[in-house]
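Q: Following this line is start_24.cif, made up of mmCIF, C-alpha atoms and all ligand atoms:
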data_coords
loop_
_atom_site.label_atom_id
_atom_site.label_comp_id
_atom_site.auth_asym_id
_atom_site.auth_seq_id
_atom_site.Cartn_x
_atom_site.Cartn_y
_atom_site.Cartn_z
CA MET J 591 -186.38 -26.63 -183.07
CA SER J 592 -185.84 -29.06 -185.93
CA ASN J 593 -182.50 -30.10 -187.33
CA SER J 594 -180.82 -28.12 -190.02
CA LEU J 595 -181.76 -29.67 -193.36
CA THR J 596 -178.15 -30.47 -194.02
CA LEU J 597 -177.61 -32.69 -190.97
CA PRO J 598 -178.51 -36.38 -190.86
CA ASN J 599 -181.37 -37.55 -188.60
CA LYS J 600 -179.47 -40.64 -187.60
CA VAL J 601 -175.76 -41.38 -187.13
CA LYS J 602 -173.99 -44.72 -186.82
CA ILE J 603 -171.16 -44.65 -184.31
CA VAL J 604 -168.49 -47.31 -184.65
CA GLU J 605 -166.88 -47.73 -181.24
CA VAL J 606 -163.17 -48.28 -181.85
CA GLY J 607 -161.88 -48.01 -178.26
CA PRO J 608 -161.14 -51.72 -177.75
CA ARG J 609 -158.86 -51.69 -180.82
CA ASP J 610 -157.67 -48.18 -181.72
CA GLY J 611 -158.00 -47.06 -178.10
CA LEU J 612 -156.10 -49.89 -176.47
CA GLN J 613 -153.49 -50.67 -179.15
CA ASN J 614 -151.25 -47.87 -177.99
CA GLU J 615 -151.22 -48.80 -174.28
CA LYS J 616 -147.68 -49.63 -173.25
CA VAL J 617 -148.58 -52.12 -170.51
CA PHE J 618 -150.46 -55.21 -171.67
CA VAL J 619 -154.14 -54.93 -170.80
CA ASP J 620 -155.56 -58.20 -169.45
CA ASN J 621 -157.93 -59.98 -171.79
CA GLU J 622 -160.59 -59.98 -169.04
CA ILE J 623 -160.55 -56.17 -169.06
CA LYS J 624 -160.74 -56.02 -172.87
CA ILE J 625 -163.61 -58.51 -172.86
CA SER J 626 -165.49 -56.69 -170.12
CA LEU J 627 -165.09 -53.36 -171.97
CA ILE J 628 -166.45 -54.81 -175.22
CA ASP J 629 -169.40 -56.41 -173.41
CA GLN J 630 -170.21 -53.15 -171.62
CA LEU J 631 -170.13 -51.33 -174.96
CA SER J 632 -172.42 -53.81 -176.71
CA THR J 633 -174.84 -53.48 -173.80
CA ALA J 634 -174.74 -49.70 -174.30
CA GLY J 635 -176.20 -50.21 -177.77
CA PHE J 636 -173.41 -49.86 -180.35
CA SER J 637 -174.29 -51.69 -183.54
CA ASN J 638 -170.62 -51.90 -184.53
CA ILE J 639 -167.60 -52.38 -182.27
CA GLU J 640 -164.02 -52.62 -183.48
CA ALA J 641 -162.98 -55.33 -181.09
CA ALA J 642 -159.50 -56.56 -182.00
CA ALA J 643 -156.68 -56.73 -184.55
CA PHE J 644 -155.12 -59.81 -186.12
CA VAL J 645 -151.84 -58.05 -186.90
CA SER J 646 -148.28 -59.13 -186.24
CA PRO J 647 -147.71 -59.14 -182.45
CA LYS J 648 -144.14 -58.04 -183.22
CA TRP J 649 -145.56 -54.82 -184.62
CA VAL J 650 -148.38 -54.23 -182.12
CA PRO J 651 -147.84 -56.38 -179.00
CA GLN J 652 -151.00 -55.06 -177.32
CA MET J 653 -153.21 -56.82 -179.87
CA ALA J 654 -151.63 -60.25 -179.23
CA GLY J 655 -154.24 -62.73 -178.04
CA SER J 656 -157.03 -61.13 -180.05
CA GLU J 657 -158.46 -64.60 -180.64
CA LEU J 658 -158.97 -64.98 -176.86
CA VAL J 659 -160.75 -61.65 -176.74
CA MET J 660 -163.01 -62.62 -179.62
CA SER J 661 -163.85 -66.00 -178.06
CA GLY J 662 -164.39 -64.48 -174.61
CA ILE J 663 -166.94 -61.81 -175.46
CA THR J 664 -170.68 -62.32 -175.22
CA ARG J 665 -171.98 -61.72 -178.73
CA LYS J 666 -174.97 -59.44 -178.80
CA PRO J 667 -177.21 -60.46 -181.72
CA GLY J 668 -177.15 -57.83 -184.45
CA THR J 669 -173.91 -56.24 -183.29
CA ILE J 670 -171.09 -56.19 -185.83
CA TYR J 671 -167.74 -57.09 -184.26
CA SER J 672 -164.94 -55.85 -186.53
CA VAL J 673 -161.26 -56.79 -186.55
CA LEU J 674 -158.24 -55.35 -188.33
CA VAL J 675 -156.60 -57.67 -190.85
CA PRO J 676 -153.42 -56.70 -192.75
CA ASN J 677 -152.88 -59.92 -194.76
CA LEU J 678 -154.10 -63.46 -195.40
CA GLN J 679 -152.52 -64.67 -192.16
CA GLY J 680 -154.72 -62.21 -190.28
CA LEU J 681 -157.76 -63.11 -192.33
CA GLU J 682 -157.43 -66.78 -191.42
CA LYS J 683 -157.55 -65.84 -187.74
CA ALA J 684 -160.44 -63.45 -188.30
CA LEU J 685 -162.46 -66.21 -189.97
CA GLU J 686 -161.66 -68.63 -187.15
CA ALA J 687 -162.73 -65.97 -184.65
CA LYS J 688 -165.98 -65.47 -186.57
CA ALA J 689 -165.50 -61.74 -186.99
CA ASP J 690 -168.49 -60.09 -188.66
CA GLU J 691 -166.36 -57.56 -190.48
CA ILE J 692 -162.70 -57.29 -191.40
CA VAL J 693 -160.91 -53.99 -191.78
CA ILE J 694 -158.15 -53.76 -194.35
CA PHE J 695 -156.09 -50.68 -193.64
CA GLY J 696 -154.01 -48.66 -196.03
CA ALA J 697 -152.91 -45.05 -196.29
CA ALA J 698 -152.96 -42.03 -198.55
CA SER J 699 -149.31 -41.43 -197.66
CA GLU J 700 -146.49 -43.63 -198.98
CA ALA J 701 -144.28 -42.97 -195.96
CA PHE J 702 -147.02 -43.89 -193.48
CA SER J 703 -147.86 -47.03 -195.43
CA GLN J 704 -144.22 -48.14 -195.14
CA LYS J 705 -144.07 -47.36 -191.41
CA ASN J 706 -147.39 -48.95 -190.53
CA ILE J 707 -147.64 -52.01 -192.75
CA ASN J 708 -144.15 -52.25 -194.23
CA CYS J 709 -145.12 -51.88 -197.88
CA SER J 710 -146.02 -49.28 -200.50
CA ILE J 711 -149.63 -48.26 -201.22
CA GLU J 712 -149.53 -50.27 -204.44
CA GLU J 713 -148.22 -53.36 -202.65
CA SER J 714 -150.85 -52.96 -199.94
CA ILE J 715 -153.68 -52.98 -202.47
CA ALA J 716 -152.21 -56.08 -204.13
CA ARG J 717 -152.08 -57.71 -200.68
CA PHE J 718 -155.69 -56.71 -199.93
CA ILE J 719 -157.14 -58.25 -203.12
CA PRO J 720 -157.04 -61.91 -201.96
CA VAL J 721 -157.95 -60.85 -198.40
CA ALA J 722 -161.10 -59.05 -199.56
CA ASN J 723 -162.01 -61.82 -202.03
CA GLU J 724 -161.68 -64.53 -199.42
CA ALA J 725 -163.64 -62.58 -196.79
CA GLN J 726 -166.44 -61.93 -199.28
CA LYS J 727 -166.52 -65.62 -200.16
CA TYR J 728 -167.38 -66.31 -196.51
CA GLY J 729 -169.96 -63.53 -196.36
CA VAL J 730 -167.83 -61.38 -194.06
CA ARG J 731 -168.18 -57.63 -194.46
CA VAL J 732 -165.12 -55.73 -195.66
CA ARG J 733 -164.29 -52.21 -194.52
CA GLY J 734 -161.39 -50.22 -195.91
CA SER J 735 -159.58 -47.74 -193.70
CA ILE J 736 -157.37 -45.02 -195.15
CA SER J 737 -154.88 -43.31 -192.86
CA CYS J 738 -153.40 -39.84 -193.21
CA THR J 739 -156.17 -38.44 -195.40
CA LEU J 740 -155.82 -34.97 -193.86
CA GLY J 741 -152.10 -34.98 -193.16
CA CYS J 742 -149.19 -37.29 -192.45
CA PRO J 743 -146.63 -37.28 -189.64
CA TYR J 744 -143.87 -37.96 -192.19
CA GLU J 745 -145.04 -36.25 -195.41
CA GLY J 746 -147.07 -33.33 -194.03
CA ASP J 747 -149.89 -32.22 -196.34
CA ILE J 748 -151.62 -34.89 -198.37
CA ASP J 749 -153.25 -34.01 -201.66
CA ALA J 750 -156.98 -34.84 -201.75
CA THR J 751 -156.49 -36.44 -205.17
CA LYS J 752 -154.28 -39.06 -203.52
CA VAL J 753 -157.09 -39.81 -201.06
CA VAL J 754 -159.56 -40.14 -203.93
CA GLU J 755 -157.19 -42.55 -205.69
CA VAL J 756 -156.98 -44.83 -202.66
CA VAL J 757 -160.75 -44.65 -202.06
CA GLN J 758 -161.23 -45.75 -205.67
CA ARG J 759 -158.86 -48.69 -205.15
CA MET J 760 -160.69 -49.69 -201.97
CA ALA J 761 -164.03 -49.35 -203.77
CA ASP J 762 -162.73 -51.65 -206.52
CA LEU J 763 -162.02 -54.25 -203.81
CA GLY J 764 -165.74 -54.25 -203.01
CA CYS J 765 -165.50 -52.54 -199.63
CA ASP J 766 -168.83 -52.15 -197.85
CA GLU J 767 -167.61 -49.06 -196.04
CA ILE J 768 -164.55 -46.83 -196.34
CA ASP J 769 -163.04 -44.82 -193.51
CA ILE J 770 -161.48 -41.43 -194.06
CA ALA J 771 -159.01 -41.25 -191.19
CA ASP J 772 -157.30 -38.22 -189.74
CA THR J 773 -154.60 -40.28 -188.04
CA ILE J 774 -152.84 -37.36 -186.39
CA GLY J 775 -155.83 -35.08 -185.91
CA VAL J 776 -154.48 -32.17 -187.94
CA GLY J 777 -157.56 -31.58 -190.11
CA THR J 778 -159.80 -28.54 -189.89
CA PRO J 779 -163.40 -28.19 -191.14
CA ASN J 780 -162.82 -26.73 -194.59
CA LYS J 781 -160.25 -29.38 -195.41
CA VAL J 782 -162.64 -32.07 -194.19
CA LYS J 783 -165.32 -30.71 -196.49
CA VAL J 784 -163.00 -30.64 -199.50
CA VAL J 785 -161.92 -34.24 -198.97
CA PHE J 786 -165.46 -35.56 -198.47
CA GLU J 787 -166.74 -33.57 -201.43
CA LYS J 788 -164.10 -35.26 -203.61
CA VAL J 789 -164.30 -38.81 -202.26
CA GLY J 790 -168.10 -38.61 -202.29
CA ARG J 791 -167.88 -38.49 -206.08
CA VAL J 792 -166.30 -41.96 -206.28
CA PHE J 793 -167.97 -43.77 -203.36
CA PRO J 794 -171.46 -43.37 -201.85
CA ILE J 795 -171.36 -40.78 -199.08
CA ASP J 796 -173.61 -42.91 -196.85
CA ARG J 797 -170.93 -45.63 -196.82
CA LEU J 798 -168.05 -43.30 -196.04
CA SER J 799 -167.07 -42.70 -192.44
CA GLY J 800 -165.10 -40.07 -190.54
CA HIS J 801 -162.38 -41.48 -188.25
CA PHE J 802 -160.98 -38.45 -186.50
CA HIS J 803 -158.23 -38.43 -183.90
CA ASP J 804 -158.45 -35.46 -181.58
CA THR J 805 -154.78 -34.48 -181.33
CA TYR J 806 -155.41 -30.81 -182.17
CA GLY J 807 -158.87 -30.68 -180.56
CA GLN J 808 -160.64 -30.40 -183.93
CA SER J 809 -162.58 -33.63 -184.09
CA LEU J 810 -166.06 -32.49 -183.00
CA THR J 811 -165.91 -29.53 -185.36
CA ASN J 812 -164.69 -31.80 -188.12
CA ILE J 813 -167.53 -34.23 -187.46
CA TYR J 814 -170.04 -31.38 -187.75
CA ALA J 815 -168.44 -30.31 -191.03
CA ALA J 816 -168.54 -33.89 -192.34
CA MET J 817 -172.22 -34.20 -191.35
CA GLU J 818 -172.92 -31.09 -193.39
CA MET J 819 -171.42 -32.97 -196.34
CA GLY J 820 -173.84 -35.86 -195.75
CA VAL J 821 -171.56 -38.20 -193.75
CA SER J 822 -173.49 -40.21 -191.18
CA ILE J 823 -170.94 -42.78 -189.90
CA PHE J 824 -168.30 -41.77 -187.36
CA HIS J 825 -165.72 -43.63 -185.31
CA SER J 826 -165.05 -42.77 -181.70
CA SER J 827 -163.27 -44.17 -178.71
CA VAL J 828 -164.72 -44.44 -175.22
CA ALA J 829 -162.94 -42.08 -172.80
CA GLY J 830 -160.98 -40.77 -175.81
CA LEU J 831 -158.53 -43.66 -175.49
CA GLY J 832 -155.82 -44.27 -177.98
CA GLY J 833 -153.38 -43.28 -180.63
CA CYS J 834 -151.43 -45.03 -183.33
CA PRO J 835 -148.09 -46.64 -182.49
CA TYR J 836 -146.77 -45.51 -185.90
CA ALA J 837 -147.89 -41.87 -185.57
CA LYS J 838 -145.79 -40.33 -182.82
CA GLY J 839 -147.64 -37.90 -180.55
CA ALA J 840 -151.06 -38.70 -182.02
CA THR J 841 -153.73 -38.95 -179.35
CA GLY J 842 -156.95 -40.91 -179.23
CA ASN J 843 -160.03 -40.69 -181.39
CA VAL J 844 -162.79 -38.27 -180.56
CA ALA J 845 -164.24 -39.44 -177.24
CA THR J 846 -167.47 -41.37 -177.69
CA GLU J 847 -169.13 -39.60 -174.78
CA ASP J 848 -168.34 -36.21 -176.39
CA ILE J 849 -169.78 -37.05 -179.79
CA LEU J 850 -172.84 -38.63 -178.16
CA TYR J 851 -173.43 -35.49 -176.10
CA MET J 852 -173.16 -33.30 -179.19
CA LEU J 853 -175.43 -35.50 -181.32
CA SER J 854 -178.02 -35.73 -178.57
CA GLY J 855 -178.06 -31.94 -178.34
CA LEU J 856 -178.58 -31.75 -182.09
CA GLY J 857 -181.49 -34.21 -181.87
CA ILE J 858 -179.62 -36.79 -183.95
CA GLU J 859 -180.43 -40.40 -183.14
CA THR J 860 -177.68 -42.94 -182.34
CA GLY J 861 -179.47 -45.67 -180.36
CA ILE J 862 -176.72 -45.54 -177.74
CA ASP J 863 -177.15 -45.14 -173.99
CA PHE J 864 -174.94 -42.20 -172.95
CA GLU J 865 -174.87 -43.10 -169.25
CA LYS J 866 -173.72 -46.67 -169.94
CA VAL J 867 -170.92 -45.36 -172.17
CA ALA J 868 -169.89 -42.80 -169.54
CA ARG J 869 -169.69 -45.57 -166.95
CA SER J 870 -167.61 -47.79 -169.23
CA GLY J 871 -165.35 -44.78 -169.85
CA GLU J 872 -164.78 -44.58 -166.09
CA PHE J 873 -164.30 -48.34 -165.91
CA ILE J 874 -161.56 -48.43 -168.54
CA SER J 875 -159.85 -45.24 -167.33
CA ASN J 876 -159.65 -46.71 -163.82
CA ALA J 877 -158.50 -50.09 -165.13
CA LEU J 878 -155.68 -48.41 -167.07
CA ASN J 879 -154.96 -45.97 -164.27
CA ARG J 880 -155.19 -43.03 -166.65
CA LEU J 881 -157.26 -39.86 -166.74
CA ASN J 882 -160.61 -40.08 -168.47
CA GLY J 883 -160.09 -38.26 -171.81
CA SER J 884 -163.76 -37.44 -172.35
CA ARG J 885 -164.90 -33.99 -171.23
CA ALA J 886 -168.58 -34.94 -171.37
CA GLY J 887 -167.96 -38.28 -169.66
CA LYS J 888 -166.04 -36.69 -166.80
CA ALA J 889 -168.63 -33.94 -166.35
CA TYR J 890 -171.48 -36.43 -166.25
CA ILE J 891 -169.77 -38.82 -163.85
CA SER J 892 -168.80 -36.02 -161.47
CA LYS J 893 -172.40 -34.77 -161.51
CA LEU J 894 -173.60 -38.25 -160.57
CA GLY J 895 -171.20 -38.20 -157.63
CA THR J 896 -172.62 -34.98 -156.11
P1 LIG B 901 -143.79 -57.74 -192.06
O1 LIG B 901 -142.75 -57.79 -190.98
O2 LIG B 901 -143.42 -57.10 -193.36
O3 LIG B 901 -144.49 -59.14 -192.37
O4 LIG B 901 -145.05 -56.97 -191.45
P2 LIG B 901 -143.96 -60.60 -192.53
O5 LIG B 901 -144.95 -61.27 -193.40
O6 LIG B 901 -142.51 -60.60 -192.90
O7 LIG B 901 -144.12 -61.22 -191.06
C1 LIG B 901 -143.26 -60.89 -189.98
C2 LIG B 901 -143.67 -61.72 -188.79
O8 LIG B 901 -144.99 -61.38 -188.37
C3 LIG B 901 -143.72 -63.22 -189.09
O9 LIG B 901 -143.40 -63.90 -187.88
C4 LIG B 901 -145.17 -63.46 -189.42
O10 LIG B 901 -145.57 -64.79 -189.15
C5 LIG B 901 -145.86 -62.50 -188.46
P3 LIG B 901 -141.98 -64.64 -187.69
O11 LIG B 901 -141.88 -65.60 -188.83
O12 LIG B 901 -140.95 -63.53 -187.77
O13 LIG B 901 -142.11 -65.25 -186.35
N1 LIG B 901 -147.15 -62.06 -188.99
C6 LIG B 901 -148.31 -62.17 -188.32
N2 LIG B 901 -148.61 -62.66 -187.11
C7 LIG B 901 -149.90 -62.62 -186.74
N3 LIG B 901 -150.90 -62.08 -187.50
C8 LIG B 901 -150.62 -61.60 -188.71
C9 LIG B 901 -149.29 -61.61 -189.16
N4 LIG B 901 -148.70 -61.21 -190.29
C10 LIG B 901 -147.40 -61.48 -190.17
N5 LIG B 901 -151.61 -61.07 -189.45
C11 LIG B 901 -147.41 -56.60 -191.33
C12 LIG B 901 -146.18 -56.68 -192.23
C13 LIG B 901 -148.51 -56.01 -192.15
C14 LIG B 901 -147.78 -57.99 -190.86
C15 LIG B 901 -147.05 -55.71 -190.11
O14 LIG B 901 -146.50 -54.51 -190.58
C16 LIG B 901 -148.24 -55.42 -189.24
O15 LIG B 901 -148.79 -56.31 -188.60
N6 LIG B 901 -148.64 -54.11 -189.18
C17 LIG B 901 -149.79 -53.70 -188.40
C18 LIG B 901 -149.54 -52.36 -187.80
C19 LIG B 901 -150.75 -51.93 -187.01
O16 LIG B 901 -151.53 -52.75 -186.55
N7 LIG B 901 -150.91 -50.59 -186.84
C20 LIG B 901 -151.99 -50.05 -186.09
C21 LIG B 901 -153.32 -50.24 -186.75
S1 LIG B 901 -153.62 -49.11 -188.08
C22 LIG B 901 -154.24 -47.70 -187.30
O17 LIG B 901 -154.24 -47.61 -186.10
C23 LIG B 901 -154.82 -46.66 -188.17
C24 LIG B 901 -156.36 -46.61 -188.14
O18 LIG B 901 -156.84 -46.44 -186.83
C25 LIG B 901 -156.85 -45.45 -189.01
C26 LIG B 901 -156.14 -44.13 -188.62
O19 LIG B 901 -156.38 -43.60 -187.54
O20 LIG B 901 -155.30 -43.71 -189.42
C27 LIG B 901 -156.96 -47.91 -188.70
MG MG B 902 -157.07 -44.57 -185.79
#
So that I can check it, write out the structure of this file as structure tokens.
A:
Amino acid sequence: MSNSLTLPNKVKIVEVGPRDGLQNEKVFVDNEIKISLIDQLSTAGFSNIEAAAFVSPKWVPQMAGSELVMSGITRKPGTIYSVLVPNLQGLEKALEAKADEIVIFGAASEAFSQKNINCSIEESIARFIPVANEAQKYGVRVRGSISCTLGCPYEGDIDATKVVEVVQRMADLGCDEIDIADTIGVGTPNKVKVVFEKVGRVFPIDRLSGHFHDTYGQSLTNIYAAMEMGVSIFHSSVAGLGGCPYAKGATGNVATEDILYMLSGLGIETGIDFEKVARSGEFISNALNRLNGSRAGKAYISKLGT
């Protein structure tokens, strides 16, 4: 059976586990473990891995030492290693670390912007201008991430026009890609479609991504809905790790193993080795002494054990 005409033939998965997944862990994860995880993931075939964050260690202690992680990994040629950068201080470190892509991160919610990066949306854009300019001067890709596009832990519903406004501002900064993030996983398919329909009018749909946290168990359905709108870039986290320290109760991103299983079933190409990802999901879950949050990963690993 061939794919539905509305679904893409190929999807790019950005693995965000080493950053979004680990940033919320209370106990500091050794750099050796972070490095090993990233290297396992590049071996599995991801073309883009969000590896670290050059943010204030006072705000997110888990990301301290990101420079050691970046210098410790074995770079796989062709793989884009991305890092979060909130300001020029972070950019300087990202350039030193030879990151391939920086991620400037804002929000569609004023309250979340204040909680997460200690400034208003307007101030954040002003702060991002020199960061984006400088990165572009050095030929580093710039991705813009927008939190709370489908709801906010402080403000509740977020109007899609606000999301469009921030996408436009990020587009004006020359972003190569823009992430539509459901930080607290409250979105449902129709809402996802409305938002992508609107933002797709101001930024090319093939450079927009879906970054869905799975708090309410909606992420796979939301990904399917976004694919029907033409979106072909999604973020996921191995073993479903993660959450945001400034979004109480929010759980991890959609598990990478789960989205890979779904896409494989749909005949959509990703270039990623499912078994290798499932094994790295087990590796990191064991290393953190936590339950593996991927249904598909757990099922596959337990089948291997029989
Ligand atoms: P601030 O306190 O207003 O900034 O924080 P500041 O300039 O006054 O600096 C305070 C201290 O931090 C100073 O140190 C600076 O040097 C230091 P002190 O003088 O007190 O010793 N500092 C830095 N250190 C290292 N690297 C830096 C840096 N910048 C300042 N880059 C700031 C403002 C933006 C820095 C802070 O709020 C911050 O770092 N926030 C980051 C929060 C964060 O990382 N959140 C999680 C990632 S976002 C996310 O998960 C959402 C996403 O997944 C999408 C979604 O799901 O929604 C992307
Ligand atoms: Mg996130």
Q: For a test of reading the model, state the distance in Å between atom CA of Glu859 of chain J and atom C23 of ligand LIG 901 (chain B), rounded to one decimal.
A: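 Between these atoms lies a distance of 26.8 Å.
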Q: Compare J:Phe793, J:Tyr836, J:Tyr806, J:Phe786 by their minimum atom-to-atom distance to ligand MG 902 (chain B), counting all atoms listed in the file, and give me the closest one.
A: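 Of J:Phe793, J:Tyr836, J:Tyr806, J:Phe786, the one nearest ligand MG 902 (chain B) is J:Tyr836, counting all atoms listed in the file.
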Q: Within 12 Å of segment 870-877 of chain J, counting only C-alpha atoms, which residues qualify if same-chain residues fewer than 3 places away don't, as a count of residues only?
A: 52
Q: Under the rule that all atoms listed in the file are counted, which of J:Glu700, J:Glu682, J:Glu787, J:Glu767 is the nearest residue to ligand LIG 901 (chain B)?
A: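 When distances to ligand LIG 901 (chain B) are compared using all atoms listed in the file, the smallest one comes from J:Glu682.
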Q: I need the residue nearest Val693 of chain J from this list: J:Arg731, J:Lys705, J:Lys838, J:Arg665. Use only C-alpha atoms for the distance.
A: J:Arg731
Q: Would you be able to write out as a list in words which residues have an atom within 6 Å of (-157.9, -44.3, -182.9) in the file's coordinates, counting all atoms listed in the file?
A: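 Those within range, by chain then number, are Asp610, Gly611, His803, Gly832, Gly833, Gly842 and Asn843 of chain J.
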Q: Rank J:Ala771, J:Val792, J:Ile813, J:Val730 by their smallest atom-to-atom distance to ligand MG 902 (chain B), using all atoms listed in the file, and report the top residue only.
A: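 Result for the nearest residue to ligand MG 902 (chain B): J:Ala771.
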Q: Measuring atom to atom with all atoms listed in the file, identify which of J:Gly729, J:Gly800, J:Gly635, J:Pro779 is nearest to ligand LIG 901 (chain B).
A: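 Result for the nearest residue to ligand LIG 901 (chain B): J:Gly800.
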Q: Which residue gives the smallest distance to Thr739 of chain J among J:Gly895, J:Gly764, J:Pro720, J:Gly775, with all atoms listed in the file counted?
A: J:Gly775
Q: Please complete segment 606-613 of chain J so it has all heavy atoms, and hand it over as an mmCIF file, in the coordinates of the input.
A:
data_model
loop_
_atom_site.group_PDB
_atom_site.id
_atom_site.type_symbol
_atom_site.label_atom_id
_atom_site.label_comp_id
_atom_site.auth_asym_id
_atom_site.auth_seq_id
_atom_site.Cartn_x
_atom_site.Cartn_y
_atom_site.Cartn_z
ATOM 1 N N VAL J 606 -164.463 -47.682 -181.526
ATOM 2 C CA VAL J 606 -163.170 -48.280 -181.850
ATOM 3 C C VAL J 606 -162.216 -48.363 -180.652
ATOM 4 O O VAL J 606 -161.062 -48.766 -180.787
ATOM 5 C CB VAL J 606 -162.463 -47.539 -183.031
ATOM 6 C CG1 VAL J 606 -163.290 -47.635 -184.311
ATOM 7 C CG2 VAL J 606 -162.159 -46.085 -182.688
ATOM 8 N N GLY J 607 -162.738 -48.014 -179.467
ATOM 9 C CA GLY J 607 -161.880 -48.010 -178.260
ATOM 10 C C GLY J 607 -161.152 -49.314 -178.000
ATOM 11 O O GLY J 607 -159.938 -49.302 -177.749
ATOM 12 N N PRO J 608 -161.836 -50.467 -178.072
ATOM 13 C CA PRO J 608 -161.140 -51.720 -177.750
ATOM 14 C C PRO J 608 -159.971 -52.022 -178.692
ATOM 15 O O PRO J 608 -159.065 -52.758 -178.321
ATOM 16 C CB PRO J 608 -162.245 -52.773 -177.890
ATOM 17 C CG PRO J 608 -163.516 -52.016 -177.657
ATOM 18 C CD PRO J 608 -163.282 -50.654 -178.246
ATOM 19 N N ARG J 609 -159.971 -51.467 -179.892
ATOM 20 C CA ARG J 609 -158.860 -51.690 -180.820
ATOM 21 C C ARG J 609 -157.972 -50.439 -180.923
ATOM 22 O O ARG J 609 -156.873 -50.405 -180.403
ATOM 23 C CB ARG J 609 -159.408 -52.098 -182.200
ATOM 24 C CG ARG J 609 -158.361 -52.693 -183.143
ATOM 25 C CD ARG J 609 -157.446 -51.671 -183.754
ATOM 26 N NE ARG J 609 -158.152 -50.633 -184.510
ATOM 27 C CZ ARG J 609 -157.549 -49.561 -185.012
ATOM 28 N NH1 ARG J 609 -156.251 -49.371 -184.850
ATOM 29 N NH2 ARG J 609 -158.245 -48.633 -185.651
ATOM 30 N N ASP J 610 -158.486 -49.382 -181.518
ATOM 31 C CA ASP J 610 -157.670 -48.180 -181.720
ATOM 32 C C ASP J 610 -157.285 -47.580 -180.361
ATOM 33 O O ASP J 610 -156.168 -47.105 -180.162
ATOM 34 C CB ASP J 610 -158.450 -47.142 -182.542
ATOM 35 C CG ASP J 610 -157.553 -46.155 -183.263
ATOM 36 O OD1 ASP J 610 -156.397 -45.988 -182.838
ATOM 37 O OD2 ASP J 610 -158.002 -45.546 -184.251
ATOM 38 N N GLY J 611 -158.237 -47.645 -179.425
ATOM 39 C CA GLY J 611 -158.000 -47.060 -178.100
ATOM 40 C C GLY J 611 -156.924 -47.805 -177.332
ATOM 41 O O GLY J 611 -156.013 -47.194 -176.765
ATOM 42 N N LEU J 612 -157.013 -49.122 -177.326
ATOM 43 C CA LEU J 612 -156.100 -49.890 -176.470
ATOM 44 C C LEU J 612 -154.772 -50.216 -177.138
ATOM 45 O O LEU J 612 -153.796 -50.500 -176.446
ATOM 46 C CB LEU J 612 -156.790 -51.189 -176.011
ATOM 47 C CG LEU J 612 -158.005 -51.000 -175.091
ATOM 48 C CD1 LEU J 612 -158.544 -52.357 -174.641
ATOM 49 C CD2 LEU J 612 -157.672 -50.148 -173.868
ATOM 50 N N GLN J 613 -154.709 -50.189 -178.476
ATOM 51 C CA GLN J 613 -153.490 -50.670 -179.150
ATOM 52 C C GLN J 613 -152.220 -49.928 -178.762
ATOM 53 O O GLN J 613 -151.125 -50.456 -178.860
ATOM 54 C CB GLN J 613 -153.670 -50.621 -180.675
ATOM 55 C CG GLN J 613 -153.626 -49.230 -181.254
ATOM 56 C CD GLN J 613 -153.763 -49.186 -182.778
ATOM 57 O OE1 GLN J 613 -154.043 -50.199 -183.410
ATOM 58 N NE2 GLN J 613 -153.584 -48.027 -183.358
#
